[in-house]
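Enquirer: Supplied structure: final-v3.txt, compact mmCIF, C-alpha atoms and all ligand atoms.
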# COMPACT_ATOMS: atom_id res chain seq x y z
CA MET I 105 -52.64 -11.44 48.93
CA PHE I 106 -53.82 -11.09 52.49
CA CYS I 107 -52.18 -9.81 55.67
CA ASN I 108 -51.25 -12.73 57.87
CA LYS I 109 -52.07 -10.73 61.02
CA CYS I 110 -55.35 -8.85 60.38
CA GLY I 111 -56.44 -10.69 57.23
CA SER I 112 -57.18 -7.58 55.15
CA GLU I 113 -56.38 -7.64 51.47
CA VAL I 114 -53.11 -5.96 50.55
CA SER I 115 -51.56 -5.28 47.16
CA GLU I 116 -49.27 -7.89 45.67
CA GLY I 117 -45.63 -7.43 46.65
CA ALA I 118 -46.36 -4.86 49.44
CA SER I 119 -43.93 -5.00 52.34
CA PHE I 120 -46.26 -3.53 55.03
CA CYS I 121 -49.98 -3.94 55.69
CA LYS I 122 -51.86 -0.63 55.08
CA ASN I 123 -54.39 -1.61 57.74
CA CYS I 124 -52.29 -2.73 60.74
CA GLY I 125 -48.71 -1.93 59.74
CA ASN I 126 -47.66 -5.56 60.00
CA LYS I 127 -44.44 -6.42 58.21
CA LEU I 128 -45.62 -8.69 55.44
CA ILE I 129 -43.72 -11.82 54.66
CA ASP I 130 -43.45 -12.41 50.97
CA ARG I 131 -44.17 -16.10 50.58
CA LYS I 132 -42.05 -16.36 47.44
CA LYS I 133 -39.12 -14.64 49.10
CA TYR I 134 -39.53 -16.85 52.11
CA ASP I 135 -39.42 -19.93 49.84
CA LEU I 136 -36.15 -18.90 48.25
CA LYS I 137 -34.60 -18.25 51.64
CA LYS I 138 -35.80 -21.60 52.89
CA TRP I 139 -34.41 -23.43 49.87
CA LEU I 140 -31.13 -21.53 50.09
CA LYS I 141 -30.85 -22.67 53.70
CA ILE I 142 -31.50 -26.30 52.69
CA PHE I 143 -29.02 -26.02 49.85
CA ARG I 144 -26.32 -24.53 52.07
CA MET I 145 -26.86 -27.26 54.63
CA VAL I 146 -26.61 -30.18 52.18
CA LEU I 147 -23.72 -28.49 50.40
CA ILE I 148 -21.75 -28.37 53.66
CA ILE I 149 -22.58 -32.05 54.31
CA PHE I 150 -21.54 -32.88 50.76
CA ILE I 151 -18.23 -31.03 51.04
CA ILE I 152 -17.49 -32.76 54.37
CA GLU I 153 -18.34 -36.08 52.74
CA VAL I 154 -16.07 -35.44 49.75
CA ILE I 155 -13.21 -34.51 52.09
CA ALA I 156 -13.92 -37.59 54.24
CA THR I 157 -13.88 -39.80 51.14
CA ALA I 158 -10.61 -38.26 49.98
CA ILE I 159 -9.02 -38.78 53.41
CA THR I 160 -10.32 -42.33 53.92
CA SER I 161 -9.18 -43.34 50.44
CA GLN I 162 -5.63 -42.60 51.63
CA LEU I 163 -6.09 -44.74 54.71
CA GLU I 164 -6.17 -48.49 55.08
CA PHE I 165 -9.82 -48.63 56.17
CA ASP I 166 -11.39 -49.86 52.98
CA LEU I 167 -14.85 -50.37 54.45
CA ILE I 168 -15.04 -46.84 55.84
CA TRP I 169 -13.93 -45.48 52.50
CA GLN I 170 -16.57 -47.53 50.67
CA ILE I 171 -19.29 -46.30 53.04
CA SER I 172 -18.06 -42.73 52.71
CA ARG I 173 -18.10 -43.03 48.93
CA ILE I 174 -21.65 -44.38 48.90
CA ILE I 175 -22.83 -41.54 51.17
CA THR I 176 -21.19 -39.02 48.84
CA PHE I 177 -23.05 -40.48 45.85
CA ILE I 178 -26.33 -40.41 47.75
CA THR I 179 -25.69 -36.77 48.72
CA ILE I 180 -25.23 -35.65 45.09
CA PRO I 181 -28.98 -35.51 44.21
CA LEU I 182 -29.64 -33.98 47.65
CA VAL I 183 -27.37 -31.11 46.59
CA ILE I 184 -28.62 -30.86 43.01
CA ILE I 185 -32.35 -30.69 43.87
CA PRO I 186 -32.22 -27.62 46.18
CA PHE I 187 -29.65 -25.99 43.89
CA ILE I 188 -31.98 -26.25 40.90
CA THR I 189 -34.97 -25.24 43.03
CA CYS I 190 -33.18 -22.09 44.24
CA THR I 191 -32.17 -21.22 40.69
CA ILE I 192 -35.73 -21.68 39.39
CA ILE I 193 -37.32 -19.69 42.25
CA SER I 194 -34.88 -16.79 41.89
CA PHE I 195 -35.37 -16.76 38.13
CA LYS I 196 -39.17 -16.95 38.32
CA ASN I 197 -39.50 -14.30 41.07
CA LYS I 198 -36.68 -12.20 39.64
CA GLU I 199 -35.16 -12.34 43.10
CA LYS I 200 -31.52 -11.76 43.75
CA VAL I 201 -29.58 -14.66 45.22
CA PRO I 202 -26.60 -14.17 47.55
CA LEU I 203 -23.20 -13.68 45.94
CA TRP I 204 -21.89 -17.10 47.05
CA PHE I 205 -24.81 -18.73 45.25
CA THR I 206 -24.17 -16.72 42.07
CA ILE I 207 -20.50 -17.76 42.22
CA LEU I 208 -21.56 -21.41 42.61
CA GLN I 209 -23.91 -21.08 39.64
CA GLY I 210 -21.04 -19.66 37.60
CA ILE I 211 -18.72 -22.50 38.65
CA ILE I 212 -21.35 -25.13 37.80
CA ILE I 213 -22.12 -23.57 34.41
CA ALA I 214 -18.36 -23.42 33.70
CA PHE I 215 -18.04 -27.09 34.68
CA ILE I 216 -20.92 -28.07 32.38
CA ILE I 217 -19.34 -26.16 29.49
CA ILE I 218 -15.92 -27.73 30.18
CA PHE I 219 -17.55 -31.15 30.42
CA ILE I 220 -19.35 -30.73 27.08
CA ILE I 221 -16.22 -29.42 25.34
CA SER I 222 -14.00 -32.16 26.77
CA SER I 223 -16.56 -34.81 25.75
CA ILE I 224 -16.54 -33.48 22.20
CA ILE I 225 -12.72 -33.42 22.15
CA GLU I 226 -12.55 -36.91 23.64
CA LYS I 227 -15.02 -38.23 21.07
CA LYS I 228 -12.99 -36.70 18.25
CA GLN I 229 -9.78 -38.18 19.65
CA ASN I 230 -11.44 -41.58 19.98
CA ASP I 231 -12.66 -41.40 16.40
CA LYS I 232 -9.17 -40.50 15.24
CA LEU I 233 -7.66 -43.30 17.30
CA GLN I 234 -10.16 -45.75 15.85
CA GLU I 235 -9.32 -44.48 12.39
CA ASN I 236 -5.60 -44.96 13.06
CA ILE I 237 -6.21 -48.47 14.36
CA GLU I 238 -8.14 -49.32 11.18
CA LYS I 239 -5.41 -47.77 9.07
CA TYR I 240 -2.74 -49.64 10.97
CA LYS I 241 -4.67 -52.89 10.60
CA ASN I 242 -4.94 -52.40 6.85
CA GLU I 243 -1.29 -51.42 6.55
CA ASP I 244 -0.43 -54.42 8.64
CA LYS I 245 -2.16 -56.72 6.21
CA THR I 246 -0.22 -55.43 3.23
CA THR I 247 3.18 -54.69 4.69
CA TYR I 248 3.55 -57.30 7.37
CA ASN I 249 4.56 -60.51 5.78
CA SER I 250 6.61 -63.37 7.09
CA SER I 251 8.48 -65.78 4.88
CA TYR I 252 6.11 -68.47 6.18
CA ILE I 253 3.32 -69.29 3.77
CA THR I 254 -0.27 -69.04 4.95
CA LEU I 255 -3.26 -70.85 3.47
CA GLN I 256 -4.57 -67.53 2.15
CA GLU I 257 -1.28 -66.83 0.43
CA PHE I 258 -1.23 -70.35 -1.02
CA ASN I 259 -4.71 -69.82 -2.48
CA GLU I 260 -3.73 -66.43 -3.92
CA ILE I 261 -0.93 -67.97 -5.91
CA GLU I 262 -2.02 -68.90 -9.42
CA ILE I 263 -0.50 -71.17 -12.03
CA GLY I 264 1.47 -69.14 -14.55
CA MET I 265 2.78 -66.62 -12.00
CA THR I 266 6.48 -65.85 -12.07
CA TYR I 267 8.74 -66.94 -9.22
CA GLU I 268 9.14 -63.25 -8.23
CA GLU I 269 5.37 -62.76 -8.00
CA VAL I 270 5.07 -65.85 -5.82
CA VAL I 271 7.90 -64.63 -3.57
CA GLU I 272 6.17 -61.26 -3.23
CA ILE I 273 2.92 -62.88 -2.11
CA ILE I 274 4.60 -65.19 0.40
CA GLY I 275 7.09 -62.62 1.59
CA GLY I 276 10.19 -64.72 1.31
CA GLU I 277 12.28 -66.85 -0.98
CA GLY I 278 11.67 -70.58 -1.11
CA ASP I 279 14.24 -73.32 -0.62
CA LEU I 280 15.32 -74.88 -3.88
CA ILE I 281 14.92 -78.63 -3.44
CA ALA I 282 15.13 -79.89 -7.03
CA GLU I 283 16.38 -78.62 -10.35
CA ASP I 284 16.19 -80.61 -13.56
CA ALA I 285 15.09 -80.41 -17.18
CA TYR I 286 11.50 -79.88 -16.03
CA GLY I 287 12.38 -76.82 -14.06
CA LYS I 288 12.94 -75.83 -10.45
CA THR I 289 11.03 -76.99 -7.39
CA TYR I 290 10.90 -74.90 -4.26
CA THR I 291 9.52 -75.48 -0.82
CA TRP I 292 8.14 -72.98 1.68
CA GLU I 293 7.58 -73.50 5.35
CA PRO I 294 3.90 -73.03 6.24
CA SER I 295 2.97 -70.74 9.12
CA SER I 296 2.08 -72.66 12.28
CA ASN I 297 -1.64 -71.80 12.16
CA SER I 298 -2.15 -72.45 8.43
CA GLY I 299 -3.12 -76.10 8.82
CA ILE I 300 -0.63 -77.04 6.11
CA TYR I 301 2.42 -79.23 6.68
CA SER I 302 4.35 -78.67 3.52
CA VAL I 303 4.25 -76.56 0.35
CA THR I 304 6.13 -77.24 -2.84
CA MET I 305 5.94 -75.33 -6.11
CA SER I 306 7.45 -76.11 -9.47
CA PHE I 307 8.51 -73.49 -11.95
CA TYR I 308 9.31 -73.99 -15.60
CA ASN I 309 11.02 -71.12 -17.41
CA GLY I 310 10.40 -69.02 -14.34
CA LYS I 311 6.62 -69.61 -14.37
CA LEU I 312 4.60 -71.63 -11.89
CA THR I 313 3.46 -74.95 -13.33
CA ASN I 314 2.39 -76.82 -10.21
CA LYS I 315 1.66 -76.06 -6.57
CA PHE I 316 1.20 -78.68 -3.86
CA LYS I 317 0.26 -78.59 -0.25
CA PHE I 318 -0.37 -81.34 2.22
ZN ZN I 401 -52.68 -6.32 58.52
Show me the file's structure as structure tokens.
Ligand SMILES: [Zn+2]

Expert:
Amino acid sequence: MFCNKCGSEVSEGASFCKNCGNKLIDRKKYDLKKWLKIFRMVLIIFIIEVIATAITSQLEFDLIWQISRIITFITIPLVIIPFITCTIISFKNKEKVPLWFTILQGIIIAFIIIFIISSIIEKKQNDKLQENIEKYKNEDKTTYNSSYITLQEFNEIEIGMTYEEVVEIIGGEGDLIAEDAYGKTYTWEPSSNSGIYSVTMSFYNGKLTNKFKF
């Protein structure tokens, strides 16, 4: 590098010029300081904005709150860019950053870790919830049963089934409407969305011989 006062060549990283004694400004160092200044400035604006948003959200001025919220969102990248720049410069130049910046870096890293962990936990919980919903749905299908006959239940019933088997499918006893030498005839009330108006079934010796729907 060269001295910015006399122009003579000086060794890299020297703090004083050997020729004129000028205090040399390390360009890299200067960059970090400049970016830290920018970062600090936007960070203060951002914090003020967040506080303003929080306060205005409690007030009745909806428009002001909306504007404040929008400004806060716009400020986020303005904070992130100098923050990342400062981090990269300090890492590349192996320069020490002020303590407040190190603390902020720690907080941000902690937040990222917490965010990742909570996302994983949330995903697992969602999967479990989904699984439980599926399980519940399946259980629902088998255990939930009204005494009303559905079209599906009607179709499941086969000739030759016992009265007990039929009752198990439908979920309820039928009303005995006729009993004679040819057996017993029962009726079941169809469920309202089955599209059926009436169901009758005849049993002979306890076995289904006929089923009707209309
Ligand atoms: Zn010089």

Enquirer: Dump the neighbourhood of ligand ZN 401 (chain I) as a VMD selection string: all residues within 7 Å, distances computed on only C-alpha atoms and all ligand atoms.

Expert: chain I and resid 107 to 112 121 to 126

Enquirer: Using all atoms listed in the file, find the one residue out of I:Cys190, I:Ile142, I:Leu147, I:Ile263 that sits nearest to I:Phe316.

Expert: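 Among I:Cys190, I:Ile142, I:Leu147, I:Ile263, it is I:Ile263 that comes nearest to I:Phe316.
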
Enquirer: How many Å lie between atom CA of I:Ser251 and atom CA of I:Glu235, rounded to one decimal?

Expert: 28.8 Å

Enquirer: Take the point (-26.9, -29.4, 54.2) as written in the file and pick out every residue within 12 Å of it, counting all atoms listed in the file; give the list as a ChimeraX atom specification.

Expert: /I:138-153,179-187

Enquirer: At a cut-off of 9 Å, using all atoms listed in the file, what residues contact I:Glu257? Leave out same-chain residues fewer than 2 positions from it and give the result as a ChimeraX atom specification.

Expert: /I:253-255,259-261,270,273-274

Enquirer: Could you state the separation of atom CA of I:Phe195 and atom CA of I:Ile221 in Å, given to one decimal place?

Expert: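 Interatomic distance, atom CA of I:Phe195 to atom CA of I:Ile221: 26.3 Å.
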
Enquirer: In Å to one decimal, how far is atom CA of I:Leu136 from atom CA of I:Gly210?

Expert: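 It comes out at 18.5 Å.
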
Enquirer: Between I:Phe307, I:Trp204, I:Trp169, I:Phe106, which one has atoms that come closest to I:Glu269, using all atoms listed in the file?

Expert: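 Comparing I:Phe307, I:Trp204, I:Trp169, I:Phe106 against I:Glu269, the winner is I:Phe307.
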
Enquirer: Which residues, protein or nucleic acid, reach to within 9 Å of (-33.5, -17.8, 47.1) in the file's coordinates when using all atoms listed in the file, and can you give that as an mmCIF file with C-alpha atoms, in the coordinates of the input?

Expert:
data_model
loop_
_atom_site.group_PDB
_atom_site.id
_atom_site.type_symbol
_atom_site.label_atom_id
_atom_site.label_comp_id
_atom_site.auth_asym_id
_atom_site.auth_seq_id
_atom_site.Cartn_x
_atom_site.Cartn_y
_atom_site.Cartn_z
ATOM 1 C CA LYS I 132 -42.050 -16.360 47.440
ATOM 2 C CA LYS I 133 -39.120 -14.640 49.100
ATOM 3 C CA TYR I 134 -39.530 -16.850 52.110
ATOM 4 C CA ASP I 135 -39.420 -19.930 49.840
ATOM 5 C CA LEU I 136 -36.150 -18.900 48.250
ATOM 6 C CA LYS I 137 -34.600 -18.250 51.640
ATOM 7 C CA LYS I 138 -35.800 -21.600 52.890
ATOM 8 C CA TRP I 139 -34.410 -23.430 49.870
ATOM 9 C CA LEU I 140 -31.130 -21.530 50.090
ATOM 10 C CA LYS I 141 -30.850 -22.670 53.700
ATOM 11 C CA THR I 189 -34.970 -25.240 43.030
ATOM 12 C CA CYS I 190 -33.180 -22.090 44.240
ATOM 13 C CA THR I 191 -32.170 -21.220 40.690
ATOM 14 C CA ILE I 192 -35.730 -21.680 39.390
ATOM 15 C CA ILE I 193 -37.320 -19.690 42.250
ATOM 16 C CA SER I 194 -34.880 -16.790 41.890
ATOM 17 C CA GLU I 199 -35.160 -12.340 43.100
ATOM 18 C CA LYS I 200 -31.520 -11.760 43.750
ATOM 19 C CA VAL I 201 -29.580 -14.660 45.220
ATOM 20 C CA PRO I 202 -26.600 -14.170 47.550
ATOM 21 C CA PHE I 205 -24.810 -18.730 45.250
#

Enquirer: Using only C-alpha atoms, pick whichever of I:Glu272, I:Ser172, I:Lys127, I:Phe177 has the shortest atom-to-atom distance to I:Phe258.

Expert: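 Going through I:Glu272, I:Ser172, I:Lys127, I:Phe177 one by one, the smallest distance to I:Phe258 is for I:Glu272.
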
Enquirer: Measuring atom to atom with only C-alpha atoms, identify which of I:Gln234, I:Leu128, I:Ile174, I:Ser298 is nearest to I:Val114.

Expert: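 Once distances to I:Val114 are computed over only C-alpha atoms, the minimum belongs to I:Leu128.
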
Enquirer: Counting all atoms listed in the file, figure out which residue out of I:Ile225, I:Met105, I:Ile217, I:Leu312 gets nearest to I:Glu268.

Expert: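 Of I:Ile225, I:Met105, I:Ile217, I:Leu312, the one nearest I:Glu268 is I:Leu312, counting all atoms listed in the file.
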